[in-house]
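**Q** Input data13.cif, format and content: mmCIF, C-alpha atoms.
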```cif
data_target
loop_
_atom_site.label_atom_id
_atom_site.label_comp_id
_atom_site.auth_asym_id
_atom_site.auth_seq_id
_atom_site.Cartn_x
_atom_site.Cartn_y
_atom_site.Cartn_z
CA MET A 18 13.33 15.83 23.42
CA THR A 19 11.27 18.44 21.58
CA PRO A 20 8.35 16.78 19.77
CA SER A 21 8.48 16.97 15.99
CA VAL A 22 5.62 18.37 13.96
CA GLN A 23 4.48 14.81 13.29
CA ASP A 24 4.47 14.12 17.05
CA ARG A 25 2.33 17.19 17.65
CA THR A 26 -0.23 16.11 15.05
CA ARG A 27 -0.25 12.67 16.62
CA GLY A 28 -0.62 14.08 20.11
CA THR A 29 2.28 12.06 21.54
CA GLY A 30 5.99 12.51 22.03
CA GLY A 31 8.64 10.62 20.10
CA GLU A 32 9.29 7.43 22.06
CA ASP A 33 10.66 4.90 19.58
CA PRO A 34 14.23 5.54 18.42
CA VAL A 35 13.80 3.21 15.42
CA ARG A 36 10.79 5.20 14.24
CA ASP A 37 12.78 8.39 14.69
CA ARG A 38 15.67 6.97 12.65
CA VAL A 39 13.30 5.86 9.88
CA GLU A 40 11.68 9.30 9.88
CA GLU A 41 15.08 10.96 9.50
CA PHE A 42 16.19 8.53 6.77
CA VAL A 43 13.06 9.15 4.73
CA ARG A 44 13.29 12.92 5.19
CA SER A 45 17.01 13.25 4.41
CA ARG A 46 17.64 10.44 1.91
CA VAL A 47 14.39 9.42 0.18
CA VAL A 48 12.50 12.71 -0.11
CA PRO A 49 15.26 14.52 -2.07
CA ARG A 50 15.17 11.78 -4.73
CA GLU A 51 11.40 11.54 -5.11
CA PRO A 52 11.26 13.24 -8.54
CA GLU A 53 13.75 10.69 -9.86
CA LEU A 54 11.87 7.80 -8.26
CA ASP A 55 8.50 9.08 -9.52
CA ALA A 56 9.74 9.11 -13.11
CA GLY A 57 10.20 5.33 -13.23
CA GLY A 58 12.47 3.49 -15.64
CA PRO A 59 16.10 2.37 -15.22
CA ASP A 60 17.21 5.54 -13.43
CA ALA A 61 14.52 5.10 -10.80
CA ARG A 62 15.49 1.45 -10.27
CA ARG A 63 19.14 2.41 -9.80
CA ALA A 64 18.21 5.15 -7.36
CA ARG A 65 15.97 2.80 -5.38
CA ALA A 66 18.71 0.16 -5.24
CA ALA A 67 21.26 2.69 -3.99
CA LEU A 68 18.89 3.93 -1.29
CA SER A 69 18.11 0.35 -0.25
CA ARG A 70 21.82 -0.34 0.21
CA GLU A 71 21.99 2.70 2.49
CA ALA A 72 18.97 1.43 4.44
CA LYS A 73 20.65 -1.95 4.94
CA GLU A 74 23.86 -0.29 6.11
CA ALA A 75 21.80 1.79 8.56
CA GLY A 76 20.12 -1.32 9.98
CA LEU A 77 16.67 -0.19 8.80
CA TRP A 78 16.01 -2.85 6.18
CA ALA A 79 13.00 -5.22 6.31
CA LEU A 80 11.98 -4.19 9.83
CA PRO A 81 8.58 -6.01 9.94
CA LEU A 82 9.55 -9.08 7.91
CA PRO A 83 10.11 -12.53 9.48
CA GLU A 84 13.46 -13.05 11.18
CA GLU A 85 13.47 -16.63 9.92
CA PHE A 86 13.99 -15.34 6.39
CA GLY A 87 16.33 -12.42 7.09
CA GLY A 88 13.98 -9.69 8.30
CA GLN A 89 14.02 -8.02 11.69
CA GLY A 90 10.72 -9.42 12.96
CA MET A 91 9.27 -6.19 14.33
CA PRO A 92 5.76 -6.92 15.71
CA LEU A 93 2.87 -5.29 13.88
CA LEU A 94 1.81 -3.15 16.85
CA ARG A 95 5.26 -1.58 17.06
CA TYR A 96 5.73 -1.44 13.30
CA ALA A 97 2.54 0.62 12.92
CA ALA A 98 4.30 3.81 14.05
CA VAL A 99 7.29 3.00 11.84
CA ALA A 100 4.95 2.44 8.87
CA GLU A 101 3.66 5.99 9.27
CA ALA A 102 7.21 7.34 9.28
CA GLU A 103 8.42 5.38 6.25
CA GLY A 104 5.14 6.04 4.46
CA ALA A 105 5.67 9.81 4.56
CA SER A 106 7.18 9.17 1.13
CA ASP A 107 5.32 6.90 -1.25
CA HIS A 108 8.70 5.30 -1.99
CA GLY A 109 9.68 4.71 1.63
CA PRO A 110 8.34 1.15 2.02
CA ALA A 111 10.10 -0.10 -1.13
CA VAL A 112 13.39 1.61 -0.26
CA LEU A 113 13.30 0.19 3.28
CA GLY A 114 12.31 -3.33 2.25
CA SER A 115 8.88 -3.26 3.89
CA ALA A 116 6.87 -3.26 0.67
CA SER A 117 7.30 -7.05 0.40
CA LEU A 118 5.59 -7.66 3.76
CA LEU A 119 2.30 -8.74 2.19
CA ASP A 120 3.94 -11.11 -0.30
CA ALA A 121 6.26 -12.55 2.33
CA GLY A 122 3.42 -13.10 4.77
CA MET A 123 1.25 -14.72 2.10
CA LEU A 124 4.00 -17.10 1.00
CA ASP A 125 4.99 -17.89 4.57
CA ARG A 126 1.43 -18.87 5.53
CA HIS A 127 0.06 -20.38 2.33
CA ALA A 128 2.82 -21.48 -0.08
CA ARG A 129 4.05 -25.05 -0.45
CA PRO A 130 7.31 -25.77 1.44
CA ALA A 131 9.43 -25.90 -1.74
CA VAL A 132 8.10 -22.53 -2.88
CA ARG A 133 8.70 -20.98 0.54
CA ASP A 134 12.26 -22.29 0.52
CA ARG A 135 12.90 -21.03 -3.00
CA TYR A 136 11.50 -17.52 -2.80
CA LEU A 137 11.10 -16.21 0.73
CA ARG A 138 14.69 -15.51 1.71
CA PRO A 139 15.62 -13.71 -1.57
CA LEU A 140 12.32 -11.81 -1.40
CA VAL A 141 13.09 -10.51 2.08
CA ALA A 142 16.67 -9.70 1.04
CA GLY A 143 15.41 -7.65 -1.90
CA ASP A 144 17.06 -9.94 -4.46
CA VAL A 145 13.66 -10.97 -5.84
CA SER A 146 10.85 -8.53 -6.57
CA ALA A 147 7.21 -9.63 -6.31
CA SER A 148 3.93 -8.15 -7.56
CA TYR A 149 0.29 -8.99 -7.07
CA ALA A 150 -2.14 -9.03 -10.02
CA MET A 151 -5.89 -8.99 -9.47
CA THR A 152 -7.40 -6.13 -11.49
CA GLU A 153 -8.21 -6.55 -15.18
CA PRO A 154 -9.15 -4.13 -17.96
CA GLU A 155 -12.91 -3.95 -18.54
CA VAL A 156 -13.62 -5.91 -15.34
CA PRO A 157 -14.75 -4.11 -12.14
CA GLY A 158 -11.80 -4.40 -9.78
CA SER A 159 -14.12 -4.41 -6.76
CA ASP A 160 -15.71 -7.73 -7.87
CA PRO A 161 -13.01 -10.41 -8.17
CA ALA A 162 -15.61 -13.06 -9.05
CA LEU A 163 -15.78 -11.52 -12.54
CA VAL A 164 -12.10 -12.04 -13.43
CA ALA A 165 -11.61 -13.36 -16.94
CA THR A 166 -8.05 -14.70 -16.52
CA ARG A 167 -8.10 -18.50 -16.53
CA ALA A 168 -5.69 -21.23 -15.49
CA GLU A 169 -6.10 -24.72 -16.92
CA GLN A 170 -4.44 -27.75 -15.37
CA ARG A 171 -2.56 -30.11 -17.66
CA PRO A 172 -2.38 -33.90 -17.27
CA ASP A 173 1.06 -33.58 -15.62
CA GLY A 174 -0.38 -31.30 -12.92
CA THR A 175 1.12 -28.04 -14.22
CA TRP A 176 -1.01 -25.04 -15.09
CA ARG A 177 -1.31 -22.75 -18.12
CA VAL A 178 -2.44 -19.20 -17.34
CA THR A 179 -4.06 -16.93 -19.92
CA GLY A 180 -5.36 -13.41 -19.40
CA ARG A 181 -4.49 -9.76 -18.92
CA LYS A 182 -3.97 -7.74 -15.74
CA TRP A 183 -3.35 -4.08 -15.11
CA PHE A 184 -2.63 -1.70 -12.24
CA VAL A 185 -0.04 -4.23 -11.09
CA SER A 186 2.31 -2.41 -8.71
CA GLY A 187 5.97 -2.82 -9.65
CA ALA A 188 5.17 -5.03 -12.64
CA ALA A 189 7.93 -3.52 -14.79
CA HIS A 190 10.68 -5.04 -12.65
CA ALA A 191 8.89 -7.97 -10.97
CA ASP A 192 10.54 -11.38 -10.93
CA VAL A 193 7.39 -13.18 -9.77
CA VAL A 194 3.73 -12.16 -9.89
CA THR A 195 0.89 -13.67 -7.87
CA VAL A 196 -2.01 -13.90 -10.32
CA LEU A 197 -5.68 -14.32 -9.48
CA ALA A 198 -7.20 -16.68 -12.06
CA ARG A 199 -10.25 -18.86 -12.46
CA THR A 200 -9.41 -22.56 -12.24
CA ALA A 201 -12.98 -23.90 -12.04
CA GLY A 202 -16.57 -22.76 -12.44
CA ALA A 203 -17.99 -19.91 -14.48
CA VAL A 204 -17.45 -16.15 -14.45
CA GLY A 205 -19.37 -14.74 -11.51
CA ASP A 206 -18.87 -17.75 -9.24
CA ARG A 207 -17.09 -16.92 -6.00
CA ASP A 208 -15.68 -20.43 -5.81
CA GLY A 209 -13.15 -21.72 -8.30
CA LEU A 210 -10.67 -18.84 -8.06
CA SER A 211 -7.02 -19.59 -7.34
CA LEU A 212 -3.79 -17.67 -6.75
CA LEU A 213 -0.79 -18.81 -8.78
CA LEU A 214 2.79 -17.64 -8.44
CA VAL A 215 3.97 -16.87 -11.99
CA ARG A 216 7.58 -16.24 -12.97
CA ALA A 217 8.03 -13.14 -15.14
CA ASP A 218 10.67 -14.93 -17.24
CA ALA A 219 8.31 -17.79 -18.13
CA PRO A 220 7.28 -18.25 -21.79
CA GLY A 221 4.13 -16.31 -22.63
CA PHE A 222 4.56 -13.68 -19.90
CA ARG A 223 4.73 -10.15 -21.33
CA PHE A 224 4.99 -6.76 -19.70
CA VAL A 225 2.72 -4.66 -21.91
CA ARG A 226 3.19 -1.10 -20.65
CA GLU A 227 3.46 1.28 -17.76
CA VAL A 228 0.08 2.55 -16.53
CA PRO A 229 0.88 5.96 -15.03
CA VAL A 230 -1.38 7.02 -12.16
CA LEU A 231 -2.08 10.74 -12.61
CA GLY A 232 1.27 11.02 -14.35
CA ALA A 233 3.44 8.93 -12.00
CA ALA A 234 4.98 5.58 -12.89
CA GLY A 235 4.83 2.44 -10.77
CA GLN A 236 1.81 0.53 -12.09
CA GLY A 237 1.88 -1.78 -15.06
CA GLU A 238 -0.14 -3.94 -17.42
CA ILE A 239 0.82 -7.57 -18.12
CA GLU A 240 -0.35 -10.21 -20.56
CA LEU A 241 -0.27 -13.95 -19.93
CA ASP A 242 -0.50 -16.19 -22.99
CA GLY A 243 -0.56 -19.80 -21.82
CA VAL A 244 2.14 -19.12 -19.22
CA PRO A 245 3.33 -22.42 -17.65
CA VAL A 246 3.14 -22.60 -13.86
CA PRO A 247 4.43 -25.56 -11.81
CA ALA A 248 1.83 -27.54 -9.89
CA ASP A 249 3.23 -26.51 -6.50
CA HIS A 250 3.06 -22.78 -7.32
CA VAL A 251 -0.61 -22.51 -6.35
CA ILE A 252 -0.82 -20.33 -3.22
CA GLY A 253 -3.25 -21.86 -0.76
CA ALA A 254 -5.77 -24.47 -1.82
CA PRO A 255 -6.98 -24.44 -5.45
CA GLY A 256 -10.31 -22.63 -5.60
CA ALA A 257 -9.80 -20.87 -2.26
CA ALA A 258 -8.17 -17.66 -3.50
CA LEU A 259 -10.70 -15.28 -1.98
CA ALA A 260 -9.91 -16.39 1.57
CA VAL A 261 -6.17 -15.83 1.05
CA ALA A 262 -6.79 -12.57 -0.83
CA GLY A 263 -9.13 -11.31 1.89
CA GLU A 264 -6.52 -11.93 4.56
CA ARG A 265 -3.92 -10.12 2.48
CA LEU A 266 -6.21 -7.21 1.64
CA GLN A 267 -7.17 -6.65 5.28
CA LEU A 268 -3.56 -6.07 6.29
CA GLY A 269 -2.70 -4.33 3.03
CA ARG A 270 -5.44 -1.74 3.39
CA THR A 271 -4.39 -1.06 6.95
CA LEU A 272 -0.75 -0.61 5.96
CA ARG A 273 -1.80 1.83 3.25
CA ALA A 274 -3.87 3.77 5.78
CA LEU A 275 -0.84 3.99 8.10
CA ARG A 276 1.29 5.31 5.25
CA TRP A 277 -1.39 7.82 4.28
CA LEU A 278 -1.29 9.08 7.86
CA GLY A 279 2.42 9.71 7.42
CA GLN A 280 1.81 11.56 4.17
CA GLY A 281 -1.05 13.55 5.69
CA ARG A 282 1.24 14.71 8.49
CA ARG A 283 3.83 15.67 5.91
CA ALA A 284 1.28 17.81 4.06
CA PHE A 285 0.20 19.35 7.38
CA ASP A 286 3.84 20.17 8.18
CA LEU A 287 4.26 21.90 4.82
CA MET A 288 1.03 23.86 5.28
CA CYS A 289 1.91 25.10 8.75
CA ALA A 290 5.47 26.04 7.74
CA ARG A 291 4.06 28.01 4.81
CA ALA A 292 1.47 29.76 6.99
CA ALA A 293 4.05 30.69 9.60
CA GLY A 294 6.70 31.86 7.16
CA ARG A 295 4.76 33.59 4.39
CA VAL A 296 4.21 37.32 4.99
CA GLY A 297 2.05 39.54 2.81
CA SER A 298 0.85 43.11 2.99
CA HIS A 299 -1.64 42.13 5.68
CA GLY A 300 0.86 40.23 7.80
CA PRO A 301 1.72 36.52 8.02
CA LEU A 302 -0.68 34.01 6.53
CA ALA A 303 -0.95 32.42 9.96
CA SER A 304 -2.84 35.46 11.22
CA HIS A 305 -5.66 35.00 8.69
CA GLN A 306 -8.76 33.30 10.06
CA LEU A 307 -9.40 31.33 6.88
CA VAL A 308 -5.87 29.89 7.05
CA GLN A 309 -6.44 29.06 10.71
CA GLN A 310 -9.60 27.24 9.64
CA HIS A 311 -7.58 25.11 7.20
CA VAL A 312 -5.10 24.27 9.96
CA PHE A 313 -7.83 23.37 12.45
CA ASP A 314 -9.78 21.20 10.01
CA ALA A 315 -6.62 19.41 8.87
CA LEU A 316 -5.50 18.73 12.44
CA LEU A 317 -8.98 17.47 13.32
CA ALA A 318 -8.91 15.09 10.35
CA LEU A 319 -5.49 13.76 11.35
CA ARG A 320 -6.34 13.36 15.03
CA THR A 321 -9.64 11.57 14.35
CA THR A 322 -8.25 9.28 11.65
CA GLY A 323 -5.23 8.06 13.62
CA PRO A 324 -7.21 6.18 16.32
CA LEU A 325 -9.38 4.48 13.68
CA VAL A 326 -6.34 3.18 11.86
CA HIS A 327 -4.58 2.01 15.00
CA GLU A 328 -7.74 0.28 16.22
CA ALA A 329 -7.69 -1.77 13.00
CA VAL A 330 -3.99 -2.54 13.56
CA ALA A 331 -4.67 -3.77 17.10
CA LEU A 332 -7.46 -6.10 15.98
CA ILE A 333 -5.38 -7.57 13.15
CA ALA A 334 -2.41 -8.06 15.47
CA ASP A 335 -4.73 -9.88 17.89
CA GLY A 336 -6.05 -12.15 15.14
CA ARG A 337 -9.60 -10.82 15.42
CA ASP A 338 -12.14 -9.89 12.76
CA ALA A 339 -11.27 -6.35 11.70
CA ARG A 340 -13.32 -5.96 8.53
CA THR A 341 -15.47 -3.12 9.86
CA GLU A 342 -12.51 -1.29 11.41
CA VAL A 343 -10.37 -1.73 8.29
CA GLY A 344 -13.16 -0.36 6.10
CA LEU A 345 -13.58 2.67 8.36
CA ALA A 346 -9.81 3.23 8.54
CA LYS A 347 -9.25 2.93 4.80
CA VAL A 348 -11.99 5.41 3.88
CA ALA A 349 -11.09 7.84 6.67
CA ALA A 350 -7.38 7.83 5.83
CA ALA A 351 -7.97 8.31 2.10
CA ARG A 352 -10.35 11.21 2.71
CA MET A 353 -8.01 12.71 5.29
CA LEU A 354 -5.03 12.68 2.94
CA GLN A 355 -6.99 14.32 0.14
CA GLN A 356 -8.46 16.94 2.50
CA VAL A 357 -5.21 17.84 4.25
CA THR A 358 -3.21 17.99 1.02
CA ASP A 359 -5.87 20.11 -0.66
CA ALA A 360 -5.76 22.56 2.26
CA ALA A 361 -1.96 22.67 2.07
CA VAL A 362 -2.11 23.45 -1.65
CA GLN A 363 -4.62 26.23 -0.98
CA VAL A 364 -2.39 27.82 1.66
CA HIS A 365 0.61 27.63 -0.68
CA GLY A 366 -1.28 29.18 -3.57
CA ALA A 367 0.34 28.77 -6.98
CA ALA A 368 3.49 27.39 -5.34
CA GLY A 369 1.46 24.37 -4.24
CA LEU A 370 0.77 23.45 -7.85
CA GLY A 371 4.37 23.53 -9.05
CA PRO A 372 7.40 21.26 -8.79
CA ASP A 373 9.04 22.89 -5.76
CA THR A 374 7.04 21.08 -3.09
CA ALA A 375 5.82 17.51 -2.62
CA LEU A 376 2.20 18.64 -2.62
CA PRO A 377 1.31 17.66 -6.22
CA ALA A 378 2.60 14.14 -5.55
CA LEU A 379 0.76 13.96 -2.23
CA MET A 380 -2.40 15.21 -3.91
CA ARG A 381 -2.04 12.48 -6.53
CA VAL A 382 -1.73 9.80 -3.85
CA GLY A 383 -4.67 11.24 -1.92
CA ARG A 384 -6.96 11.16 -4.92
CA ALA A 385 -5.88 7.69 -5.99
CA ALA A 386 -6.31 6.46 -2.40
CA ARG A 387 -10.08 6.76 -2.70
CA ILE A 388 -10.05 4.17 -5.52
CA LEU A 389 -7.09 1.85 -4.86
CA ASP A 390 -7.67 -1.16 -2.59
CA GLY A 391 -11.38 -0.80 -3.19
CA PRO A 392 -13.22 2.47 -3.86
CA ASP A 393 -14.82 4.34 -0.98
CA GLU A 394 -18.25 3.16 -2.11
CA LEU A 395 -17.27 -0.51 -1.74
CA HIS A 396 -16.16 -0.05 1.88
CA ILE A 397 -19.07 2.21 2.80
CA GLY A 398 -21.59 -0.33 1.54
CA ALA A 399 -19.83 -3.33 3.09
CA VAL A 400 -19.45 -1.71 6.52
CA ALA A 401 -23.03 -0.39 6.55
CA ARG A 402 -24.47 -3.78 5.56
CA ARG A 403 -22.44 -5.51 8.25
CA VAL A 404 -23.62 -3.08 10.92
CA LEU A 405 -27.25 -3.20 9.83
CA ARG A 406 -27.19 -6.99 9.61
CA ALA A 407 -26.09 -7.13 13.25
CA TYR A 408 -29.01 -4.89 14.24
CA GLY A 409 -31.38 -7.08 12.24
CA GLU A 410 -30.14 -10.22 13.96
CA ALA A 411 -30.46 -8.54 17.36
CA GLY A 412 -34.01 -7.49 16.55
CA ALA A 413 -34.96 -10.98 15.44
CA GLY A 414 -33.94 -12.29 18.84
CA THR A 415 -36.19 -9.96 20.84
#
```
Please render this file's structure as C-alpha cells.
**A**
Amino acid sequence: MTPSVQDRTRGTGGEDPVRDRVEEFVRSRVVPREPELDAGGPDARRARAALSREAKEAGLWALPLPEEFGGQGMPLLRYAAVAEAEGASDHGPAVLGSASLLDAGMLDRHARPAVRDRYLRPLVAGDVSASYAMTEPEVPGSDPALVATRAEQRPDGTWRVTGRKWFVSGAAHADVVTVLARTAGAVGDRDGLSLLLVRADAPGFRFVREVPVLGAAGQGEIELDGVPVPADHVIGAPGAALAVAGERLQLGRTLRALRWLGQGRRAFDLMCARAAGRVGSHGPLASHQLVQQHVFDALLALRTTGPLVHEAVALIADGRDARTEVGLAKVAAARMLQQVTDAAVQVHGAAGLGPDTALPALMRVGRAARILDGPDELHIGAVARRVLRAYGEAGAGT
C-alpha cells in the first residue's frame, strides 16, 4: 500500500484499516459539508444527523466508547491514531460519535447508578447530547476556584443552581449540561466546588446566545436561574469537583492535541499540493527555497509534536500521572497547528484567505487552540513549576 500524505508526515505506513476507513469517511463525507456545519443552526444539526447515520451504517460510530453502553470499546492506545484521522475535520468527532467520550467516561466512573442507567446508553447512541460548562463571563477560565455560579441544597436534598456560563460547546442543542458550581465555602476556595448534571429542559435554564469563535458557531452562553437538580445528579462527591474535572481535562486536552495533529497534517497536505502544482513565471512554487523552508519547518513541527502527544496518550492509558506530558503536548500541538496552517496560507497566497480551501477554518482552530483548554501560559507555568519543584526536592536531599 502506498503511504498517504498523512502517513508520510507521521513517518509510518498505514497499518490500521479502521483508521484508514475513518480517514476516508472524513475526507469524502464530512469535509465537503464543513461550510454548512460551521454555520450552525438547524441546517447544521440536520447535516450532522445525516452524516452520523452514515457513520453508523458504515460501522464507524462511537469507536472509543464503552461496549457496555453501545460503543465499540476501542482501547485508547489504538484509538489515538483514529482520533487524528477523525480530527482532521473539527466536526469529525461529533459526526462519528466520539465527541461524547469525555462525558460518557465521567458518568461511567463518577455518576450515581440511577444516573448512569438513565443517560449513558442514549448518550453513546447519540440520542442525548451533553455539554460541559465551566467558564464564566468576567471570571478567568484558568482559575476554576473563582467561579461565581452557586448551587444551594434544599431540605429535600435537591439543588438549585444559579449562575451564567459561556463558551459551552454544543450548548444550543444540549439535552444535559454538566455545570461546575460552588456548593460550599467562599469564592477563591479550592474546596466546595461540585459538578451537577443539569437538564436543559428544567425550569430556569435558558440558552442565551451563540458565542461564535472567530466567526464560527458551536459555542454558547447559558443562564441558570434557580434551576432544580435532583439530589443524585451530583457527579462525584459534593465538593470534590476539581478532582473529577482534572481527570476529565487531562484526557480532553490530549484528545484535542491528537485532533490538532490531524488538522496540522491536513494543512501540510494542502500546502505541499499547492507548492507542487502551482507554476509561475519562475517555475513551480516547490522549486523556491523559501517555500521549501516552509515545508521543512512544518514537517519538523509535525514530526516533533507527534511523539509528545502519543507519550501523553501512553501514560494516560497506563493510569499514570501525565500532567507534565499533557501540558507539553497541548502547547506543542496548538503551536504546531497555528504554525503549519500559517505556512500553508502563505504558500497559497490570496487563495489561502478565501472560501475555496479549509485553511481559514484551520487557522481559526489553530489560534483558538492556544487559549481553549487552558491558555499556553497556564500550561507553561504549571509544567515549569512541577519540573523545578522536583529539582528543588532532589537538591534538598543531597
**Q** Can you measure atom CA of A:Ser148 to atom CA of A:Ala111 for me? One decimal in Å is fine.
**A**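 Pair atom CA of A:Ser148 / atom CA of A:Ala111 returns 12.0 Å.
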**Q** So, with only C-alpha atoms as the atoms that count, which of A:Leu119, A:Val362, A:Val178, A:Ala100 lies closest to A:Val330?
**A**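 Of the candidates, the smallest distance to A:Val330 is held by A:Ala100.
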**Q** Give as a ChimeraX atom specification the residues that the PyMOL selection byres ((chain A and resi 331-342) around 9) matches when applied to the coordinates above.
**A** /A:92-94,267-268,325-330,343-347,396,399-401,403-404
**Q** Please enumerate the residues selected by the PyMOL selection byres ((chain A and resi 185) around 9) when evaluated against the supplied file, formatted as a PDB file with C-alpha atoms, keeping the file's coordinate frame.
**A**
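Output contents, as saved in expr_0.pdb:
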```
ATOM      1  CA  SER A 148       3.930  -8.150  -7.560  1.00  0.00           C
ATOM      2  CA  TYR A 149       0.290  -8.990  -7.070  1.00  0.00           C
ATOM      3  CA  ALA A 150      -2.140  -9.030 -10.020  1.00  0.00           C
ATOM      4  CA  MET A 151      -5.890  -8.990  -9.470  1.00  0.00           C
ATOM      5  CA  THR A 152      -7.400  -6.130 -11.490  1.00  0.00           C
ATOM      6  CA  LYS A 182      -3.970  -7.740 -15.740  1.00  0.00           C
ATOM      7  CA  TRP A 183      -3.350  -4.080 -15.110  1.00  0.00           C
ATOM      8  CA  PHE A 184      -2.630  -1.700 -12.240  1.00  0.00           C
ATOM      9  CA  SER A 186       2.310  -2.410  -8.710  1.00  0.00           C
ATOM     10  CA  GLY A 187       5.970  -2.820  -9.650  1.00  0.00           C
ATOM     11  CA  ALA A 188       5.170  -5.030 -12.640  1.00  0.00           C
ATOM     12  CA  ALA A 189       7.930  -3.520 -14.790  1.00  0.00           C
ATOM     13  CA  VAL A 194       3.730 -12.160  -9.890  1.00  0.00           C
ATOM     14  CA  VAL A 228       0.080   2.550 -16.530  1.00  0.00           C
ATOM     15  CA  GLY A 235       4.830   2.440 -10.770  1.00  0.00           C
ATOM     16  CA  GLN A 236       1.810   0.530 -12.090  1.00  0.00           C
ATOM     17  CA  GLY A 237       1.880  -1.780 -15.060  1.00  0.00           C
ATOM     18  CA  GLU A 238      -0.140  -3.940 -17.420  1.00  0.00           C
ATOM     19  CA  ILE A 239       0.820  -7.570 -18.120  1.00  0.00           C
TER      20      ILE A 239
END
```
**Q** Grab the atom CA of A:Val132 to atom CA of A:Gln89 distance for me, in Å with one decimal place.
**A**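 It comes out at 21.4 Å.
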**Q** Pick from A:Asp206, A:Gly180, A:Ala131, A:Ala361: nearest to A:Pro154, with only C-alpha atoms counted?
**A**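 Distance minimum relative to A:Pro154 lands on A:Gly180.
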**Q** Please indicate the distance in Å from atom CA of A:Ala318 to atom CA of A:Gly109, rounded to one decimal place.
**A**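 Pair atom CA of A:Ala318 / atom CA of A:Gly109 returns 23.0 Å.
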**Q** Contacts of A:Val312 at 8 Å or less, counting only C-alpha atoms, minus same-chain residues fewer than 3 places along, as a ChimeraX atom specification?
**A** /A:285,288-289,308-309,315-316,360
**Q** Please enumerate the residues selected by the PyMOL selection byres ((chain A and resi 210) around 6) when evaluated against the supplied file, formatted as a list in words.
**A**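 What the PyMOL selection byres ((chain A and resi 210) around 6) grabs from the file is Ala198, Arg199, Thr200, Asp208, Gly209, Ser211, Gly256 and Ala258 of chain A.
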**Q** Dig up all the protein and nucleic acid residues within 12 Å of (-0.3, -19.3, -24.0) in the file frame, using only C-alpha atoms, and format them as number ranges by chain.
**A** A: 166-169, 176-181, 219-223, 240-246
**Q** What lies within 12 Å of A:Gln356 using only C-alpha atoms, ignoring chain neighbours under 5 positions off, as a compact mmCIF listing (two decimals) with C-alpha atoms, keeping the file's coordinate frame?
**A**
```txt
# COMPACT_ATOMS: atom_id res chain seq x y z
CA TRP A 277 -1.39 7.82 4.28
CA LEU A 278 -1.29 9.08 7.86
CA GLN A 280 1.81 11.56 4.17
CA GLY A 281 -1.05 13.55 5.69
CA ARG A 282 1.24 14.71 8.49
CA ALA A 284 1.28 17.81 4.06
CA PHE A 285 0.20 19.35 7.38
CA HIS A 311 -7.58 25.11 7.20
CA VAL A 312 -5.10 24.27 9.96
CA PHE A 313 -7.83 23.37 12.45
CA ASP A 314 -9.78 21.20 10.01
CA ALA A 315 -6.62 19.41 8.87
CA LEU A 316 -5.50 18.73 12.44
CA LEU A 317 -8.98 17.47 13.32
CA ALA A 318 -8.91 15.09 10.35
CA LEU A 319 -5.49 13.76 11.35
CA THR A 322 -8.25 9.28 11.65
CA ALA A 349 -11.09 7.84 6.67
CA ALA A 350 -7.38 7.83 5.83
CA ALA A 351 -7.97 8.31 2.10
CA ALA A 361 -1.96 22.67 2.07
CA VAL A 362 -2.11 23.45 -1.65
CA GLN A 363 -4.62 26.23 -0.98
CA LEU A 376 2.20 18.64 -2.62
CA LEU A 379 0.76 13.96 -2.23
CA MET A 380 -2.40 15.21 -3.91
CA ARG A 381 -2.04 12.48 -6.53
CA VAL A 382 -1.73 9.80 -3.85
CA GLY A 383 -4.67 11.24 -1.92
CA ARG A 384 -6.96 11.16 -4.92
CA ALA A 386 -6.31 6.46 -2.40
CA ARG A 387 -10.08 6.76 -2.70
```
**Q** Select, from A:Val112, A:Leu231, A:Ala262, A:Val196, the residue with the minimum atom-to-atom distance to A:Arg62, counting all atoms listed in the file.
**A**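 Checking each candidate against A:Arg62, we get A:Val112 as the closest.
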**Q** Output, as JSON, the centre and edge lengths in Å (one decimal) of the axis-aligned box that contains all listed atoms of stretch 275-286 of chain A with 6 Å of margin on each side.
**A**
```
{"center_x": 1.2, "center_y": 12.1, "center_z": 6.3, "size_x": 17.2, "size_y": 28.2, "size_z": 16.4}
```
**Q** Which is closer to A:Gly143 than all the others in A:Thr374, A:Ser106, A:Ser69, A:Gln306, using all atoms listed in the file?
**A**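 The shortest atom-to-atom distance to A:Gly143 comes from A:Ser69.
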**Q** So, counting all atoms listed in the file, which residue among A:Met353, A:Ala165, A:Ala147, A:Met123 is closest to A:Ala260?
**A**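 Result for the nearest residue to A:Ala260: A:Met123.
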**Q** From the list A:His127, A:Gly114, A:Arg352, A:Arg63, which residue is nearest A:Thr321 when using all atoms listed in the file?
**A** A:Arg352
**Q** Could you list, as a ChimeraX atom specification, every residue within 10 Å of A:Ala102, counting all atoms listed in the file and ignoring same-chain residues fewer than 6 positions away?
**A** /A:23,35-44,96,109-110,275-280,282-283
**Q** Would you mind listing what lies within 8 Å of A:Ser115 as a compact mmCIF listing (two decimals) with C-alpha atoms, in the coordinates of the input, with all atoms listed in the file counted and same-chain residues fewer than 2 positions away left out?
**A**
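That gives us part-v2.txt:
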```
# COMPACT_ATOMS: atom_id res chain seq x y z
CA TRP A 78 16.01 -2.85 6.18
CA ALA A 79 13.00 -5.22 6.31
CA LEU A 80 11.98 -4.19 9.83
CA PRO A 81 8.58 -6.01 9.94
CA LEU A 82 9.55 -9.08 7.91
CA PRO A 110 8.34 1.15 2.02
CA ALA A 111 10.10 -0.10 -1.13
CA VAL A 112 13.39 1.61 -0.26
CA LEU A 113 13.30 0.19 3.28
CA SER A 117 7.30 -7.05 0.40
CA LEU A 118 5.59 -7.66 3.76
```
